[in-house]
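Chemist: Contents are PDB, C-alpha atoms; file name work-v4.pdb:
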ATOM      1  CA  MET A   1      -0.684   4.701 -15.620  1.00  0.00           C
ATOM      2  CA  PHE A   2       3.083   4.350 -15.527  1.00  0.00           C
ATOM      3  CA  LEU A   3       5.412   1.737 -16.992  1.00  0.00           C
ATOM      4  CA  ARG A   4       7.024  -0.676 -14.559  1.00  0.00           C
ATOM      5  CA  GLY A   5       9.929  -2.933 -15.459  1.00  0.00           C
ATOM      6  CA  VAL A   6       9.028  -6.625 -15.610  1.00  0.00           C
ATOM      7  CA  THR A   7      10.065  -8.511 -12.474  1.00  0.00           C
ATOM      8  CA  GLY A   8      10.900 -11.720 -14.329  1.00  0.00           C
ATOM      9  CA  SER A   9      12.913 -13.997 -12.024  1.00  0.00           C
ATOM     10  CA  ARG A  10      14.189 -11.091  -9.900  1.00  0.00           C
ATOM     11  CA  SER A  11      13.616 -10.982  -6.147  1.00  0.00           C
ATOM     12  CA  GLY A  12      14.391  -8.459  -3.456  1.00  0.00           C
ATOM     13  CA  THR A  13      13.832  -4.735  -3.076  1.00  0.00           C
ATOM     14  CA  TYR A  14      12.924  -3.879  -6.669  1.00  0.00           C
ATOM     15  CA  ALA A  15      10.826  -6.949  -7.466  1.00  0.00           C
ATOM     16  CA  ASP A  16       7.042  -6.710  -7.687  1.00  0.00           C
ATOM     17  CA  PRO A  17       5.722  -8.603  -4.628  1.00  0.00           C
ATOM     18  CA  GLU A  18       2.382  -9.212  -6.363  1.00  0.00           C
ATOM     19  CA  ALA A  19       3.701 -10.106  -9.839  1.00  0.00           C
ATOM     20  CA  THR A  20       1.721 -13.330 -10.065  1.00  0.00           C
ATOM     21  CA  SER A  21      -1.612 -11.581  -9.462  1.00  0.00           C
ATOM     22  CA  ARG A  22      -1.336  -9.010 -12.286  1.00  0.00           C
ATOM     23  CA  LEU A  23      -4.249  -8.691 -14.730  1.00  0.00           C
ATOM     24  CA  ALA A  24      -4.448  -8.676 -18.534  1.00  0.00           C
ATOM     25  CA  SER A  25      -4.955  -5.147 -19.923  1.00  0.00           C
ATOM     26  CA  ALA A  26      -7.385  -6.502 -22.565  1.00  0.00           C
ATOM     27  CA  ALA A  27      -9.085  -9.787 -23.398  1.00  0.00           C
ATOM     28  CA  GLY A  28      -6.472 -12.296 -24.526  1.00  0.00           C
ATOM     29  CA  GLY A  29      -3.595 -10.154 -23.247  1.00  0.00           C
ATOM     30  CA  ASN A  30      -0.756 -11.148 -20.939  1.00  0.00           C
ATOM     31  CA  ALA A  31      -1.444 -11.529 -17.221  1.00  0.00           C
ATOM     32  CA  ASP A  32       0.677 -12.390 -14.184  1.00  0.00           C
ATOM     33  CA  ASN A  33       4.441 -11.823 -14.517  1.00  0.00           C
ATOM     34  CA  ALA A  34       4.444 -10.868 -18.234  1.00  0.00           C
ATOM     35  CA  VAL A  35       4.892  -7.781 -20.443  1.00  0.00           C
ATOM     36  CA  GLY A  36       1.618  -5.879 -20.889  1.00  0.00           C
ATOM     37  CA  SER A  37      -0.017  -6.998 -17.635  1.00  0.00           C
ATOM     38  CA  VAL A  38      -1.433  -4.270 -15.401  1.00  0.00           C
ATOM     39  CA  GLN A  39      -2.091  -3.499 -11.721  1.00  0.00           C
ATOM     40  CA  THR A  40      -4.417  -1.020 -10.091  1.00  0.00           C
ATOM     41  CA  ASN A  41      -3.228   1.411  -7.441  1.00  0.00           C
ATOM     42  CA  ALA A  42      -2.787   0.186  -3.856  1.00  0.00           C
ATOM     43  CA  PHE A  43      -1.599   1.167  -0.391  1.00  0.00           C
ATOM     44  CA  LYS A  44       0.756  -1.005   1.632  1.00  0.00           C
ATOM     45  CA  LEU A  45      -0.849  -2.964   4.487  1.00  0.00           C
ATOM     46  CA  HIS A  46      -1.347  -0.604   7.423  1.00  0.00           C
ATOM     47  CA  ARG A  47      -3.667   0.367  10.258  1.00  0.00           C
ATOM     48  CA  HIS A  48      -4.398   3.521  12.237  1.00  0.00           C
ATOM     49  CA  GLN A  49      -4.437   4.160  15.947  1.00  0.00           C
ATOM     50  CA  VAL A  50      -7.403   5.952  17.464  1.00  0.00           C
ATOM     51  CA  PRO A  51      -6.806   8.929  19.795  1.00  0.00           C
ATOM     52  CA  ARG A  52      -8.616   8.839  23.119  1.00  0.00           C
ATOM     53  CA  ASP A  53      -8.809  10.971  26.212  1.00  0.00           C
ATOM     54  CA  GLY A  54      -7.878   9.888  29.753  1.00  0.00           C
ATOM     55  CA  THR A  55     -11.379   8.525  30.384  1.00  0.00           C
ATOM     56  CA  GLY A  56     -11.007   5.913  27.644  1.00  0.00           C
ATOM     57  CA  ILE A  57     -13.575   7.565  25.415  1.00  0.00           C
ATOM     58  CA  SER A  58     -12.495   8.043  21.819  1.00  0.00           C
ATOM     59  CA  GLY A  59     -13.745  10.749  19.521  1.00  0.00           C
ATOM     60  CA  ASN A  60     -14.510  13.370  22.181  1.00  0.00           C
ATOM     61  CA  ASP A  61     -13.997  17.109  21.679  1.00  0.00           C
ATOM     62  CA  ASN A  62     -10.155  16.874  21.750  1.00  0.00           C
ATOM     63  CA  GLN A  63      -9.557  18.202  18.245  1.00  0.00           C
ATOM     64  CA  SER A  64      -5.817  18.856  18.419  1.00  0.00           C
ATOM     65  CA  LEU A  65      -3.487  16.282  19.881  1.00  0.00           C
ATOM     66  CA  THR A  66       0.062  16.984  20.963  1.00  0.00           C
ATOM     67  CA  ALA A  67       3.124  14.775  21.167  1.00  0.00           C
ATOM     68  CA  THR A  68       3.416  15.280  24.931  1.00  0.00           C
ATOM     69  CA  GLY A  69       1.914  11.898  25.768  1.00  0.00           C
ATOM     70  CA  SER A  70      -0.218  13.443  28.510  1.00  0.00           C
ATOM     71  CA  ASP A  71      -3.084  11.333  29.885  1.00  0.00           C
ATOM     72  CA  ASP A  72      -5.787  13.307  28.100  1.00  0.00           C
ATOM     73  CA  GLU A  73      -4.078  13.121  24.695  1.00  0.00           C
ATOM     74  CA  ALA A  74      -2.832   9.564  24.316  1.00  0.00           C
ATOM     75  CA  TYR A  75      -2.836   7.269  21.303  1.00  0.00           C
ATOM     76  CA  MET A  76      -3.959   3.728  21.920  1.00  0.00           C
ATOM     77  CA  ASP A  77      -3.241   0.645  19.806  1.00  0.00           C
ATOM     78  CA  GLU A  78      -6.718  -0.653  20.581  1.00  0.00           C
ATOM     79  CA  PRO A  79      -9.278   0.123  19.520  1.00  0.00           C
ATOM     80  CA  GLY A  80      -7.855   0.984  16.141  1.00  0.00           C
ATOM     81  CA  THR A  81      -8.796   0.475  12.558  1.00  0.00           C
ATOM     82  CA  GLY A  82      -8.493  -2.980  11.099  1.00  0.00           C
ATOM     83  CA  PRO A  83      -5.533  -3.721   8.834  1.00  0.00           C
ATOM     84  CA  THR A  84      -6.100  -2.853   5.180  1.00  0.00           C
ATOM     85  CA  GLY A  85      -3.918  -2.761   2.076  1.00  0.00           C
ATOM     86  CA  GLY A  86      -1.584  -4.926   0.035  1.00  0.00           C
ATOM     87  CA  ALA A  87       2.089  -5.794  -0.258  1.00  0.00           C
ATOM     88  CA  GLU A  88       3.194  -2.341  -1.492  1.00  0.00           C
ATOM     89  CA  THR A  89       2.107   1.228  -2.217  1.00  0.00           C
ATOM     90  CA  ARG A  90       1.869   1.860  -5.973  1.00  0.00           C
ATOM     91  CA  PRO A  91      -0.005   3.799  -8.678  1.00  0.00           C
ATOM     92  CA  ASN A  92      -1.712   2.121 -11.653  1.00  0.00           C
ATOM     93  CA  ASN A  93       1.012   0.482 -13.757  1.00  0.00           C
ATOM     94  CA  ALA A  94       1.747  -1.705 -16.778  1.00  0.00           C
ATOM     95  CA  TYR A  95       4.691  -4.085 -17.187  1.00  0.00           C
ATOM     96  CA  ALA A  96       7.224  -3.226 -19.895  1.00  0.00           C
ATOM     97  CA  ASN A  97      10.651  -4.487 -20.903  1.00  0.00           C
ATOM     98  CA  GLU A  98      13.218  -1.814 -20.154  1.00  0.00           C
ATOM     99  CA  ILE A  99      15.723  -1.903 -23.003  1.00  0.00           C
ATOM    100  CA  ILE A 100      18.568   0.564 -22.474  1.00  0.00           C
ATOM    101  CA  LYS A 101      21.218   1.185 -25.106  1.00  0.00           C
ATOM    102  CA  TYR A 102      24.421   2.857 -24.003  1.00  0.00           C
TER     103      TYR A 102
END
Once more with this new file: its structure as structure tokens, please.
Modeler:
Amino acid sequence: MFLRGVTGSRSGTYADPEATSRLASAAGGNADNAVGSVQTNAFKLHRHQVPRDGTGISGNDNQSLTATGSDDEAYMDEPGTGPTGGAETRPNNAYANEIIKY
């Protein structure tokens, strides 16, 4: 679990895109966009292409694929895996106020 600075009213690159769906770390604790709320780990929304040979059959004995783009070693968009994931890639985290004295 790492500490993540509270998003507050910030937007843009460093803002938490899922700030309003954060959970309370304990019963009665803060949730959403507040100090002490937590998030579980996640991967950003993505999908994978499936390699296929020139006959259109996926998963044959072609174990190593090259970047040559030859007919028997091509990547196809379809069929592929369905999209899975969230708005960002992140480890488990808890919101904290970052107070820096200089």
Chemist: Quick one: residues within 12 Å of segment 38-48 of chain A, only C-alpha atoms, excluding same-chain residues fewer than 4 positions away - as number ranges by chain?
Modeler: A: 1-6, 16-26, 29-34, 75-96
Chemist: Provide the atom CA of Gly28 of chain A to atom CA of Ser11 of chain A distance in Å, to one decimal place.
Modeler: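 Atom-to-atom, atom CA of Gly28 of chain A to atom CA of Ser11 of chain A, that is 27.3 Å.
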Chemist: Between atom CA of Gly8 of chain A and atom CA of Asn97 of chain A, what distance in Å does the model show, to one decimal?
Modeler: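 Interatomic distance here is 9.8 Å.
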